[in-house]
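One file, final.txt, is given below (compact mmCIF, C-alpha atoms (C1' of nucleotides)).
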# COMPACT_ATOMS: atom_id res chain seq x y z
CA MET A 7 7.48 2.17 12.29
CA THR A 8 6.08 2.31 15.81
CA ASP A 9 2.42 2.06 14.94
CA LEU A 10 2.98 -0.11 11.94
CA LEU A 11 1.00 -2.97 13.36
CA SER A 12 -1.65 -1.17 15.31
CA GLN A 13 -3.03 0.73 12.35
CA ARG A 14 -5.95 -0.90 10.62
CA GLY A 15 -5.50 0.87 7.30
CA ASP A 16 -7.62 3.94 6.84
CA MET A 17 -11.09 2.84 7.85
CA ASP A 18 -11.68 4.71 11.09
CA ALA A 19 -12.01 8.03 9.34
CA ASN A 20 -14.53 9.98 11.34
CA GLU A 21 -17.24 7.46 12.19
CA THR A 22 -17.38 6.28 15.75
CA GLN A 23 -18.02 2.63 14.91
CA PRO A 24 -17.91 2.12 11.17
CA ASN A 25 -18.40 -1.61 11.37
CA ILE A 26 -18.17 -3.95 14.29
CA ALA A 27 -17.13 -6.99 12.38
CA PRO A 28 -13.66 -6.51 10.88
CA GLY A 29 -15.11 -8.38 7.94
CA GLY A 30 -13.55 -11.30 6.12
CA LYS A 31 -13.59 -9.22 2.97
CA ARG A 32 -10.97 -6.76 4.00
CA ASP A 33 -8.72 -9.54 5.23
CA ARG A 34 -9.34 -11.54 2.07
CA LEU A 35 -8.29 -8.55 -0.02
CA ILE A 36 -5.09 -8.12 1.96
CA GLY A 37 -4.34 -11.82 1.74
CA ALA A 38 -4.89 -11.96 -2.01
CA ALA A 39 -2.84 -8.81 -2.50
CA LYS A 40 -0.04 -10.15 -0.35
CA THR A 41 0.22 -13.28 -2.47
CA LEU A 42 -0.11 -11.59 -5.85
CA PHE A 43 2.24 -8.71 -4.99
CA TYR A 44 4.79 -11.32 -4.01
CA GLN A 45 4.43 -13.52 -7.07
CA ARG A 46 3.98 -10.89 -9.79
CA GLY A 47 5.19 -7.69 -8.19
CA VAL A 48 3.08 -4.73 -7.11
CA GLU A 49 3.07 -2.91 -10.42
CA GLN A 50 2.16 -6.01 -12.40
CA THR A 51 -0.82 -6.74 -10.18
CA SER A 52 -4.05 -4.88 -10.97
CA LEU A 53 -6.82 -4.27 -8.50
CA ALA A 54 -9.02 -6.37 -10.75
CA ASP A 55 -6.64 -9.30 -10.24
CA ILE A 56 -6.79 -8.88 -6.49
CA ALA A 57 -10.56 -8.45 -6.41
CA GLY A 58 -10.96 -11.55 -8.55
CA ALA A 59 -8.70 -13.64 -6.36
CA ALA A 60 -10.59 -12.49 -3.28
CA ASP A 61 -14.01 -12.97 -4.91
CA ILE A 62 -14.97 -9.37 -4.47
CA ALA A 63 -16.35 -6.93 -7.02
CA LEU A 64 -13.78 -4.51 -8.38
CA GLY A 65 -15.62 -1.38 -7.34
CA ASN A 66 -16.01 -2.66 -3.82
CA VAL A 67 -12.28 -2.63 -3.28
CA TYR A 68 -12.46 1.14 -2.90
CA TYR A 69 -14.80 0.85 0.02
CA HIS A 70 -12.05 -0.83 2.00
CA PHE A 71 -9.06 1.04 0.57
CA ARG A 72 -9.15 4.53 -0.85
CA THR A 73 -6.30 3.90 -3.24
CA LYS A 74 -4.01 1.11 -4.36
CA ASP A 75 -1.28 2.67 -2.26
CA ALA A 76 -3.43 2.24 0.85
CA LEU A 77 -3.74 -1.45 0.04
CA VAL A 78 0.01 -1.68 -0.37
CA GLU A 79 0.46 -0.13 3.06
CA ALA A 80 -1.98 -2.63 4.54
CA VAL A 81 -0.04 -5.49 2.97
CA ILE A 82 3.18 -4.14 4.44
CA ALA A 83 1.53 -3.98 7.86
CA ALA A 84 0.37 -7.58 7.42
CA HIS A 85 3.94 -8.59 6.56
CA GLY A 86 5.08 -6.86 9.73
CA LYS A 87 2.64 -8.89 11.75
CA ASP A 88 3.85 -12.10 10.07
CA ILE A 89 7.43 -11.23 10.94
CA LEU A 90 6.64 -10.50 14.57
CA ASP A 91 4.74 -13.78 14.78
CA SER A 92 7.67 -15.76 13.39
CA LEU A 93 10.12 -13.98 15.69
CA ALA A 94 7.88 -14.76 18.66
CA HIS A 95 7.95 -18.38 17.59
CA LEU A 96 11.74 -18.31 17.42
CA ASN A 97 11.87 -16.89 20.92
CA ALA A 98 10.58 -20.21 22.19
CA GLU A 99 14.03 -21.69 21.54
CA SER A 100 16.08 -22.27 24.67
CA ASP A 101 19.07 -19.96 24.11
CA PRO A 102 20.05 -17.13 21.76
CA ARG A 103 22.39 -19.30 19.72
CA ALA A 104 19.64 -21.83 19.12
CA ARG A 105 17.28 -18.98 18.18
CA LEU A 106 19.72 -17.60 15.64
CA ARG A 107 20.33 -21.00 14.13
CA ALA A 108 16.61 -21.65 13.92
CA TYR A 109 16.23 -18.30 12.19
CA VAL A 110 18.67 -19.03 9.39
CA ARG A 111 17.35 -22.56 8.96
CA GLY A 112 13.82 -21.19 8.76
CA GLY A 113 14.36 -20.17 5.16
CA LEU A 114 14.48 -23.81 4.15
CA LYS A 115 10.77 -24.11 4.89
CA HIS A 116 10.04 -21.81 1.96
CA GLN A 117 12.71 -23.13 -0.34
CA THR A 118 10.50 -23.52 -3.38
CA GLN A 119 8.89 -20.10 -3.05
CA LEU A 120 12.22 -18.40 -2.45
CA ALA A 121 13.70 -19.97 -5.56
CA ARG A 122 10.79 -18.70 -7.63
CA TYR A 123 9.98 -15.29 -6.22
CA GLY A 124 12.82 -14.40 -3.88
CA CYS A 125 12.42 -12.94 -0.42
CA PRO A 126 8.92 -11.46 0.08
CA TYR A 127 10.30 -8.50 2.03
CA GLY A 128 13.49 -7.93 0.09
CA THR A 129 11.87 -7.90 -3.33
CA LEU A 130 9.03 -5.73 -2.07
CA CYS A 131 11.47 -3.21 -0.62
CA ALA A 132 13.48 -3.12 -3.82
CA GLU A 133 10.45 -2.56 -6.01
CA LEU A 134 8.79 0.08 -3.85
CA ASP A 135 12.07 1.88 -3.42
CA LYS A 136 12.29 2.47 -7.16
CA SER A 137 8.70 3.57 -7.44
CA GLY A 138 9.56 6.43 -5.15
CA GLY A 139 6.25 6.41 -3.28
CA SER A 140 5.88 6.81 0.45
CA ALA A 141 5.32 3.06 0.83
CA ALA A 142 9.05 2.47 0.35
CA GLN A 143 9.77 3.86 3.78
CA SER A 144 7.15 1.63 5.38
CA ALA A 145 8.59 -1.43 3.68
CA SER A 146 12.09 -0.75 4.92
CA THR A 147 10.82 -0.98 8.49
CA LEU A 148 10.31 -4.70 7.92
CA PHE A 149 14.05 -5.16 7.84
CA ASN A 150 14.40 -3.20 11.05
CA LEU A 151 12.23 -5.74 12.84
CA TYR A 152 14.73 -8.44 11.94
CA LEU A 153 17.75 -6.27 12.68
CA GLU A 154 16.55 -5.39 16.17
CA TRP A 155 15.75 -9.00 16.98
CA LEU A 156 19.10 -10.21 15.63
CA GLU A 157 21.01 -7.59 17.56
CA ARG A 158 19.21 -8.63 20.73
CA GLN A 159 20.24 -12.25 20.26
CA PHE A 160 23.88 -11.37 19.73
CA ARG A 161 23.80 -9.11 22.76
CA GLU A 162 22.51 -12.00 24.81
CA LEU A 163 25.51 -13.92 23.52
CA ALA A 164 27.57 -11.21 25.17
CA ARG A 165 28.95 -9.99 21.85
CA PRO A 166 30.05 -6.34 21.98
CA ASP A 167 29.73 -6.18 18.17
CA ALA A 168 26.09 -7.26 18.27
CA ALA A 169 24.91 -4.57 15.85
CA GLU A 170 27.61 -5.50 13.34
CA LEU A 171 26.81 -9.17 13.57
CA ALA A 172 23.12 -8.47 13.10
CA LEU A 173 23.80 -6.65 9.86
CA GLU A 174 26.22 -9.33 8.73
CA THR A 175 23.67 -12.06 9.39
CA LEU A 176 20.81 -10.30 7.65
CA ALA A 177 23.04 -9.49 4.68
CA ALA A 178 24.17 -13.10 4.43
CA VAL A 179 20.61 -14.41 4.49
CA GLN A 180 19.40 -11.84 1.97
CA GLY A 181 22.34 -12.59 -0.30
CA ALA A 182 21.53 -16.28 -0.18
CA TYR A 183 17.95 -15.50 -1.16
CA VAL A 184 19.03 -13.32 -4.07
CA ILE A 185 21.23 -15.94 -5.68
CA THR A 186 18.68 -18.63 -4.94
CA GLN A 187 16.08 -16.70 -6.91
CA ALA A 188 18.46 -15.69 -9.69
CA THR A 189 19.65 -19.24 -10.26
CA HIS A 190 16.29 -20.86 -9.42
CA SER A 191 18.28 -23.34 -7.44
CA PRO A 192 16.93 -24.45 -4.04
CA GLN A 193 20.16 -26.40 -3.62
CA HIS A 194 22.11 -23.17 -3.42
CA LEU A 195 19.89 -22.08 -0.57
CA GLU A 196 20.56 -25.33 1.29
CA ARG A 197 24.30 -24.84 0.90
CA GLN A 198 24.30 -21.26 2.13
CA VAL A 199 21.99 -22.00 5.03
CA ALA A 200 24.16 -24.94 6.10
CA ARG A 201 27.22 -22.70 6.00
CA LEU A 202 25.56 -19.96 8.05
CA ASP A 203 24.27 -22.50 10.54
CA ARG A 204 27.80 -23.84 10.97
CA TRP A 205 29.14 -20.33 11.37
CA LEU A 206 26.64 -19.57 14.14
CA ALA A 207 27.34 -22.88 15.86
CA GLU A 208 31.05 -22.12 16.03
CA LEU A 209 30.70 -18.42 16.78
CA GLU A 210 32.33 -17.42 20.05
CA GLY A 211 30.06 -16.03 22.73
CA GLY A 212 28.82 -17.30 26.05
CA ALA A 213 25.21 -17.43 27.13
CA ALA A 214 24.07 -14.50 29.19
CA MET B 11 24.27 -17.19 -22.54
CA THR B 12 26.95 -17.96 -25.11
CA ASP B 13 25.97 -15.43 -27.73
CA LEU B 14 24.68 -12.92 -25.25
CA LEU B 15 27.20 -10.32 -26.26
CA SER B 16 27.56 -10.99 -29.94
CA GLN B 17 23.91 -10.42 -30.75
CA ARG B 18 23.06 -6.95 -31.88
CA GLY B 19 19.41 -7.10 -31.00
CA ASP B 20 17.12 -7.95 -33.89
CA MET B 21 18.22 -5.64 -36.65
CA ASP B 22 19.86 -7.96 -39.15
CA ALA B 23 16.54 -9.45 -40.18
CA ASN B 24 16.83 -10.29 -43.87
CA GLU B 25 18.62 -7.33 -45.39
CA THR B 26 22.20 -7.84 -46.37
CA GLN B 27 23.41 -4.49 -45.08
CA PRO B 28 20.56 -2.70 -43.34
CA ASN B 29 22.69 0.22 -42.28
CA ILE B 30 26.42 0.62 -42.25
CA ALA B 31 26.58 2.99 -39.35
CA PRO B 32 25.43 1.29 -36.15
CA GLY B 33 23.84 4.63 -35.47
CA GLY B 34 24.08 6.63 -32.32
CA LYS B 35 20.31 6.45 -32.01
CA ARG B 36 20.14 2.77 -31.21
CA ASP B 37 22.92 3.09 -28.66
CA ARG B 38 21.32 6.17 -27.18
CA LEU B 39 18.07 4.28 -26.75
CA ILE B 40 19.83 1.42 -25.01
CA GLY B 41 21.74 3.81 -22.78
CA ALA B 42 18.64 5.73 -21.78
CA ALA B 43 16.73 2.53 -21.17
CA LYS B 44 19.56 1.11 -19.09
CA THR B 45 19.53 4.12 -16.80
CA LEU B 46 15.77 4.44 -16.49
CA PHE B 47 15.17 0.72 -16.03
CA TYR B 48 17.69 0.83 -13.22
CA GLN B 49 16.31 3.88 -11.48
CA ARG B 50 12.56 3.31 -11.89
CA GLY B 51 12.27 -0.34 -12.79
CA VAL B 52 11.33 -1.80 -16.16
CA GLU B 53 7.58 -1.77 -15.66
CA GLN B 54 7.53 1.80 -14.39
CA THR B 55 9.45 3.06 -17.42
CA SER B 56 7.43 3.78 -20.55
CA LEU B 57 8.84 3.82 -24.04
CA ALA B 58 7.87 7.48 -24.19
CA ASP B 59 10.15 8.14 -21.21
CA ILE B 60 13.02 6.37 -22.91
CA ALA B 61 12.45 8.08 -26.25
CA GLY B 62 12.32 11.43 -24.51
CA ALA B 63 15.54 10.84 -22.61
CA ALA B 64 17.26 9.77 -25.82
CA ASP B 65 15.79 12.66 -27.85
CA ILE B 66 14.07 10.34 -30.27
CA ALA B 67 10.48 10.34 -31.45
CA LEU B 68 8.32 7.72 -29.79
CA GLY B 69 7.25 6.01 -33.00
CA ASN B 70 10.84 5.72 -34.13
CA VAL B 71 11.68 3.45 -31.23
CA TYR B 72 9.91 0.64 -33.05
CA TYR B 73 12.23 0.92 -35.99
CA HIS B 74 15.11 -0.17 -33.78
CA PHE B 75 13.22 -2.59 -31.50
CA ARG B 76 10.13 -4.53 -32.45
CA THR B 77 8.79 -4.59 -28.90
CA LYS B 78 9.65 -3.33 -25.47
CA ASP B 79 10.85 -6.83 -24.62
CA ALA B 80 13.42 -6.63 -27.41
CA LEU B 81 14.73 -3.42 -25.87
CA VAL B 82 14.93 -5.12 -22.49
CA GLU B 83 16.98 -7.91 -24.04
CA ALA B 84 19.30 -5.37 -25.62
CA VAL B 85 19.77 -3.67 -22.25
CA ILE B 86 20.63 -7.02 -20.68
CA ALA B 87 23.18 -7.63 -23.39
CA ALA B 88 24.65 -4.20 -22.73
CA HIS B 89 24.88 -5.03 -19.04
CA GLY B 90 26.71 -8.22 -19.98
CA LYS B 91 29.22 -6.21 -21.94
CA ASP B 92 29.70 -3.85 -19.01
CA ILE B 93 30.33 -6.78 -16.70
CA LEU B 94 32.89 -8.36 -19.02
CA ASP B 95 34.64 -5.04 -19.34
CA SER B 96 34.86 -4.60 -15.59
CA LEU B 97 36.08 -8.16 -15.13
CA ALA B 98 38.73 -7.60 -17.80
CA HIS B 99 39.80 -4.54 -15.87
CA LEU B 100 40.06 -6.57 -12.67
CA ASN B 101 42.20 -9.14 -14.47
CA ALA B 102 44.93 -6.52 -14.66
CA GLU B 103 45.59 -7.02 -10.95
CA SER B 104 48.70 -9.00 -10.19
CA ASP B 105 47.33 -12.09 -8.40
CA PRO B 106 43.93 -13.72 -7.86
CA ARG B 107 43.66 -12.57 -4.26
CA ALA B 108 44.24 -8.97 -5.30
CA ARG B 109 41.67 -9.41 -8.06
CA LEU B 110 39.06 -10.70 -5.63
CA ARG B 111 39.73 -7.91 -3.17
CA ALA B 112 39.50 -5.34 -5.94
CA TYR B 113 36.19 -6.88 -6.96
CA VAL B 114 34.52 -6.51 -3.56
CA ARG B 115 35.95 -3.03 -3.07
CA GLY B 116 34.65 -2.05 -6.50
CA GLY B 117 31.15 -1.62 -5.10
CA LEU B 118 32.32 1.40 -3.15
CA LYS B 119 32.69 3.31 -6.40
CA HIS B 120 28.92 3.23 -6.84
CA GLN B 121 28.04 3.69 -3.20
CA THR B 122 25.46 6.40 -3.74
CA GLN B 123 23.70 4.66 -6.59
CA LEU B 124 23.65 1.36 -4.74
CA ALA B 125 22.08 2.99 -1.70
CA ARG B 126 19.34 4.46 -3.86
CA TYR B 127 18.57 1.84 -6.46
CA GLY B 128 20.33 -1.33 -5.33
CA CYS B 129 22.38 -3.60 -7.57
CA PRO B 130 21.60 -2.98 -11.27
CA TYR B 131 21.75 -6.69 -12.07
CA GLY B 132 20.18 -8.07 -8.92
CA THR B 133 17.15 -5.80 -8.97
CA LEU B 134 16.71 -6.36 -12.70
CA CYS B 135 16.80 -10.12 -12.25
CA ALA B 136 14.31 -9.99 -9.41
CA GLU B 137 11.85 -7.84 -11.33
CA LEU B 138 12.03 -9.76 -14.60
CA ASP B 139 11.77 -13.04 -12.77
CA LYS B 140 8.36 -12.07 -11.42
CA SER B 141 7.13 -10.81 -14.76
CA GLY B 142 7.58 -14.31 -16.07
CA GLY B 143 8.78 -13.26 -19.52
CA SER B 144 11.63 -14.86 -21.39
CA ALA B 145 13.91 -11.98 -20.46
CA ALA B 146 14.26 -13.38 -16.95
CA GLN B 147 16.42 -16.19 -18.20
CA SER B 148 18.67 -13.78 -20.07
CA ALA B 149 19.09 -11.63 -16.99
CA SER B 150 20.14 -14.54 -14.82
CA THR B 151 23.10 -15.14 -17.14
CA LEU B 152 24.59 -11.90 -15.83
CA PHE B 153 25.17 -13.56 -12.48
CA ASN B 154 26.82 -16.49 -14.20
CA LEU B 155 29.46 -14.18 -15.64
CA TYR B 156 30.44 -13.19 -12.13
CA LEU B 157 30.22 -16.73 -10.78
CA GLU B 158 32.51 -18.14 -13.44
CA TRP B 159 35.05 -15.40 -12.95
CA LEU B 160 34.97 -15.77 -9.16
CA GLU B 161 35.36 -19.52 -9.37
CA ARG B 162 38.36 -19.08 -11.63
CA GLN B 163 40.04 -16.79 -9.13
CA PHE B 164 39.53 -19.20 -6.25
CA ARG B 165 40.82 -22.05 -8.38
CA GLU B 166 43.96 -20.06 -9.04
CA LEU B 167 44.26 -19.75 -5.28
CA ALA B 168 44.37 -23.56 -5.29
CA ARG B 169 41.11 -23.81 -3.40
CA PRO B 170 39.35 -27.13 -4.02
CA ASP B 171 36.06 -25.55 -2.91
CA ALA B 172 36.33 -22.81 -5.53
CA ALA B 173 32.72 -23.15 -6.70
CA GLU B 174 31.44 -22.92 -3.13
CA LEU B 175 33.54 -19.88 -2.39
CA ALA B 176 32.36 -18.20 -5.57
CA LEU B 177 28.73 -18.59 -4.51
CA GLU B 178 29.53 -17.46 -1.00
CA THR B 179 31.29 -14.35 -2.25
CA LEU B 180 28.56 -13.38 -4.69
CA ALA B 181 25.89 -13.96 -2.04
CA ALA B 182 27.78 -11.84 0.46
CA VAL B 183 28.15 -8.98 -2.00
CA GLN B 184 24.53 -9.15 -3.10
CA GLY B 185 23.36 -9.28 0.50
CA ALA B 186 25.39 -6.20 1.29
CA TYR B 187 23.77 -4.41 -1.64
CA VAL B 188 20.27 -5.40 -0.54
CA ILE B 189 20.59 -4.04 2.97
CA THR B 190 22.41 -0.97 1.66
CA GLN B 191 19.42 -0.16 -0.54
CA ALA B 192 16.82 -1.08 2.05
CA THR B 193 18.41 1.12 4.69
CA HIS B 194 19.61 3.79 2.26
CA SER B 195 22.83 3.72 4.18
CA PRO B 196 26.11 3.88 2.25
CA GLN B 197 27.88 3.38 5.56
CA HIS B 198 26.51 -0.13 5.80
CA LEU B 199 28.05 -0.88 2.43
CA GLU B 200 31.43 0.37 3.62
CA ARG B 201 31.24 -1.86 6.66
CA GLN B 202 30.32 -4.98 4.76
CA VAL B 203 32.89 -4.36 2.05
CA ALA B 204 35.60 -3.84 4.63
CA ARG B 205 34.64 -7.09 6.31
CA LEU B 206 34.68 -9.03 3.04
CA ASP B 207 37.99 -7.48 2.07
CA ARG B 208 39.48 -8.60 5.39
CA TRP B 209 38.03 -12.07 4.91
CA LEU B 210 39.64 -12.38 1.49
CA ALA B 211 42.96 -11.06 2.77
CA GLU B 212 43.09 -13.69 5.50
CA LEU B 213 41.68 -16.52 3.41
CA GLU B 214 44.03 -19.48 3.13
CA GLY B 215 45.25 -20.38 -0.33
CA GLY B 216 48.58 -20.13 -2.10
CA ALA B 217 49.18 -18.50 -5.44
CA ALA B 218 49.15 -20.90 -8.35
C1' DG C 20 14.92 6.44 -41.71
C1' DT C 21 12.29 9.71 -39.16
C1' DC C 22 8.33 11.83 -37.89
C1' DT C 23 2.99 12.68 -36.48
C1' DA C 24 -1.22 10.89 -35.48
C1' DT C 25 -3.88 7.49 -33.75
C1' DA C 26 -5.89 2.82 -32.74
C1' DC C 27 -6.68 -0.22 -28.96
C1' DG C 28 -6.64 -2.10 -24.46
C1' DC C 29 -5.90 -1.90 -19.64
C1' DC C 30 -5.93 0.22 -15.20
C1' DG C 31 -7.05 3.26 -11.30
C1' DA C 32 -10.71 5.59 -9.65
C1' DT C 33 -15.67 7.36 -9.50
C1' DA C 34 -20.82 7.52 -9.84
C1' DG C 35 -24.84 5.92 -8.52
C1' DA C 36 -28.49 2.16 -8.29
C1' DC C 37 -29.90 -1.26 -4.93
C1' DG D 26 -22.20 -2.25 2.15
C1' DT D 27 -22.20 -4.25 -2.30
C1' DC D 28 -22.84 -4.15 -6.91
C1' DT D 29 -22.64 -2.58 -12.23
C1' DA D 30 -21.27 0.67 -15.39
C1' DT D 31 -18.23 3.90 -16.90
C1' DC D 32 -14.93 7.91 -17.11
C1' DG D 33 -10.30 9.59 -18.00
C1' DG D 34 -5.62 8.68 -18.73
C1' DC D 35 -1.74 6.25 -20.06
C1' DG D 36 1.06 2.78 -22.51
C1' DT D 37 2.20 -0.34 -26.30
C1' DA D 38 2.05 -0.73 -30.81
C1' DT D 39 0.71 0.55 -35.70
C1' DA D 40 -0.31 3.36 -39.95
C1' DG D 41 1.23 6.20 -43.06
C1' DA D 42 3.07 10.88 -44.66
C1' DC D 43 7.56 12.82 -45.62
Using the file provided, produce a representation of the structure as structure tokens.
Amino acid sequence: MTDLLSQRGDMDANETQPNIAPGGKRDRLIGAAKTLFYQRGVEQTSLADIAGAADIALGNVYYHFRTKDALVEAVIAAHGKDILDSLAHLNAESDPRARLRAYVRGGLKHQTQLARYGCPYGTLCAELDKSGGSAAQSASTLFNLYLEWLERQFRELARPDAAELALETLAAVQGAYVITQATHSPQHLERQVARLDRWLAELEGGAA
Amino acid sequence: MTDLLSQRGDMDANETQPNIAPGGKRDRLIGAAKTLFYQRGVEQTSLADIAGAADIALGNVYYHFRTKDALVEAVIAAHGKDILDSLAHLNAESDPRARLRAYVRGGLKHQTQLARYGCPYGTLCAELDKSGGSAAQSASTLFNLYLEWLERQFRELARPDAAELALETLAAVQGAYVITQATHSPQHLERQVARLDRWLAELEGGAA
DNA sequence: GTCTATACGCCGATAGAC
DNA sequence: GTCTATCGGCGTATAGAC
């Protein structure tokens, strides 16, 4: 999980400088794959679909990624970067309680997508886990990014049970996403988010 | 959702009495499919896998189910029956609070499986939802069975917010399952279940 | 009803021209 | 680096003997 974000896939094989420009193509492939994997699932998305969405010839995909699995890993790494970016954004909030409340309310921004396709990370983890490949382990690290951040916030609230609260919070959010997708009801998400926001607002714990 | 459990698949086409014996073969196919769909996912499970696990020739599968989708629907119906059975079992508890607590503790019986493959119904719903087929709608009815039962229990506890509490409970349980699978940690499930059990024990509400 | 054999299409991956 | 063409394998579904 340490070098999850520093790795650039599997390009730098043995050449000193394979290509200076990181190339829009590689990023376009990852972006298209990220979207399609999320909407249709990994197994239901063919490399031809991804290449088409990224306007790249099918055979050329293999220049950037040796196998489909390598592309999956790159998408996971891109998700990790997205998560770190959003957490950095949350850190701009004034105090830990405000950060936590902004975190749970953040799901409302993707209400429609969540109701259709569920949580991008949760559903990806669940699918890869059943496939049994090595990518499952990489995907589970995405949750750890959230857990560590959550635990830090609760510690700053001087809560001795910070680790417990972090798990409880993540579980509550994930549960809300699951029933939101299953029922296709964005209203359910609003209700659960409002409840969690209230819970955090009333949670005991002084600022550090 | 009404006739989810009464349908027997798509056998009774136009024959008066196609076959008296419901046949162990059909049930064996459904049982094998239920297990494999759960462990590997629907898309990753081929009909050859299922036929092999059920000791039935591949071509013969199509005598019992016109398409793979029909088999998926039959598995969903079987899940519905399992759920109703387990709920009927819970109804043997003396009072609604005891029934609710027995429900959340029930997950501990499948701790190992949950840590490996997640919730059988939740992961199935999530996968089918992305595939876009008609089976997704059928799968979502499984959650409704739980929601209706949960709401009934909270109503018997004289809670005016019974529907809200039902959603909250189901979301909490599903969230616990998601992080249990993602972290492969049965201990996390124990922790969350214990917390929910305590919450239910201390929840205000008199017996009806 | 149950089986074997096979049609047909799609997908991951490769070869090789440019 | 990028493209076209294609191989090999697998999966759903069907045909037809028994």
Write down, as a tab-separated table (two decimals) with C-alpha atoms, in the frame of the given file, each residue of chain A that has any atom within 12 Å of an atom of chain C, counting all atoms listed in the file.
chain	number	residue	atom	x	y	z
A	49	GLU	CA	3.07	-2.91	-10.42
A	50	GLN	CA	2.16	-6.01	-12.40
A	51	THR	CA	-0.82	-6.74	-10.18
A	52	SER	CA	-4.05	-4.88	-10.97
A	53	LEU	CA	-6.82	-4.27	-8.50
A	54	ALA	CA	-9.02	-6.37	-10.75
A	55	ASP	CA	-6.64	-9.30	-10.24
A	64	LEU	CA	-13.78	-4.51	-8.38
A	65	GLY	CA	-15.62	-1.38	-7.34
A	66	ASN	CA	-16.01	-2.66	-3.82
A	67	VAL	CA	-12.28	-2.63	-3.28
A	68	TYR	CA	-12.46	1.14	-2.90
A	69	TYR	CA	-14.80	0.85	0.02
A	71	PHE	CA	-9.06	1.04	0.57
A	72	ARG	CA	-9.15	4.53	-0.85
A	73	THR	CA	-6.30	3.90	-3.24
A	74	LYS	CA	-4.01	1.11	-4.36
A	75	ASP	CA	-1.28	2.67	-2.26
Around the point (-6.9, -10.0, 2.7) in the file's coordinates, collect all residues with an atom within 10 Å, using only C-alpha atoms (C1' of nucleotides), and return them as a short mmCIF file (atom, residue, chain, number, x, y, z; two decimals) with C-alpha atoms, keeping the file's coordinate frame.
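Listed below is the output, result02.cif:
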data_model
loop_
_atom_site.label_atom_id
_atom_site.label_comp_id
_atom_site.auth_asym_id
_atom_site.auth_seq_id
_atom_site.Cartn_x
_atom_site.Cartn_y
_atom_site.Cartn_z
CA GLY A 29 -15.11 -8.38 7.94
CA GLY A 30 -13.55 -11.30 6.12
CA LYS A 31 -13.59 -9.22 2.97
CA ARG A 32 -10.97 -6.76 4.00
CA ASP A 33 -8.72 -9.54 5.23
CA ARG A 34 -9.34 -11.54 2.07
CA LEU A 35 -8.29 -8.55 -0.02
CA ILE A 36 -5.09 -8.12 1.96
CA GLY A 37 -4.34 -11.82 1.74
CA ALA A 38 -4.89 -11.96 -2.01
CA ALA A 39 -2.84 -8.81 -2.50
CA LYS A 40 -0.04 -10.15 -0.35
CA THR A 41 0.22 -13.28 -2.47
CA ILE A 56 -6.79 -8.88 -6.49
CA ALA A 57 -10.56 -8.45 -6.41
CA ALA A 59 -8.70 -13.64 -6.36
CA ALA A 60 -10.59 -12.49 -3.28
CA LEU A 77 -3.74 -1.45 0.04
CA ALA A 80 -1.98 -2.63 4.54
CA VAL A 81 -0.04 -5.49 2.97
CA ALA A 84 0.37 -7.58 7.42
#
Closest-contact table, chain D side, partner chain B, 12 Å, counting only C-alpha atoms (C1' of nucleotides), as CSV:
residue,atom,partner,partner_atom,distance
D:DC35,C1',B:Ser56,CA,9.5
D:DG36,C1',B:Ser56,CA,6.7
D:DT37,C1',B:Lys78,CA,8.1
D:DA38,C1',B:Thr77,CA,8.0
D:DT39,C1',B:Gly69,CA,8.9
D:DA40,C1',B:Gly69,CA,10.6
D:DG41,C1',B:Gly69,CA,11.7
Residue among B:Pro170, B:Gly215, B:Pro130, B:Gly185 lying closest to chain A, counting all atoms listed in the file
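Among B:Pro170, B:Gly215, B:Pro130, B:Gly185, it is B:Gly185 that comes nearest to chain A.
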For chain A, which residues have at least one atom within 9 Å of chain B, if we go by all atoms listed in the file? Write them as a ChimeraX atom specification, please.
/A:44-47,49-50,122-124,128-129,131-133,135-138,142-143,145-147,149-150,170,173-174,176-185,187-189,194,197-198
Coordinates-based distance that separates atom CA of A:Ile82 from atom CA of A:Ala108 (Å, one decimal)
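Taking atom CA of A:Ala108 as the start and atom CA of A:Ile82 as the end point, the length is 24.0 Å.
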Between atom CA of A:Glu154 and atom CA of A:Gln119 - distance in Å to one decimal:
25.4 Å
What is the atom CA of A:Ser144-atom CA of A:Lys87 distance in Å, reported with one decimal?
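Taking atom CA of A:Ser144 and atom CA of A:Lys87, their separation equals 13.1 Å.
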Show me, as a PDB file with C-alpha atoms, in the frame of the given file, the residues that have an atom within 12 Å of B:Lys119 when counting all atoms listed in the file, minus same-chain residues fewer than 6 positions from it.
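Okay, this is what ended up in part.pdb:
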ATOM      1  CA  ALA B 112      39.500  -5.340  -5.940  1.00  0.00           C
ATOM      2  CA  TYR B 113      36.190  -6.880  -6.960  1.00  0.00           C
ATOM      3  CA  ALA B 125      22.080   2.990  -1.700  1.00  0.00           C
ATOM      4  CA  PRO B 196      26.110   3.880   2.250  1.00  0.00           C
ATOM      5  CA  LEU B 199      28.050  -0.880   2.430  1.00  0.00           C
ATOM      6  CA  GLU B 200      31.430   0.370   3.620  1.00  0.00           C
ATOM      7  CA  VAL B 203      32.890  -4.360   2.050  1.00  0.00           C
TER       8      VAL B 203
END
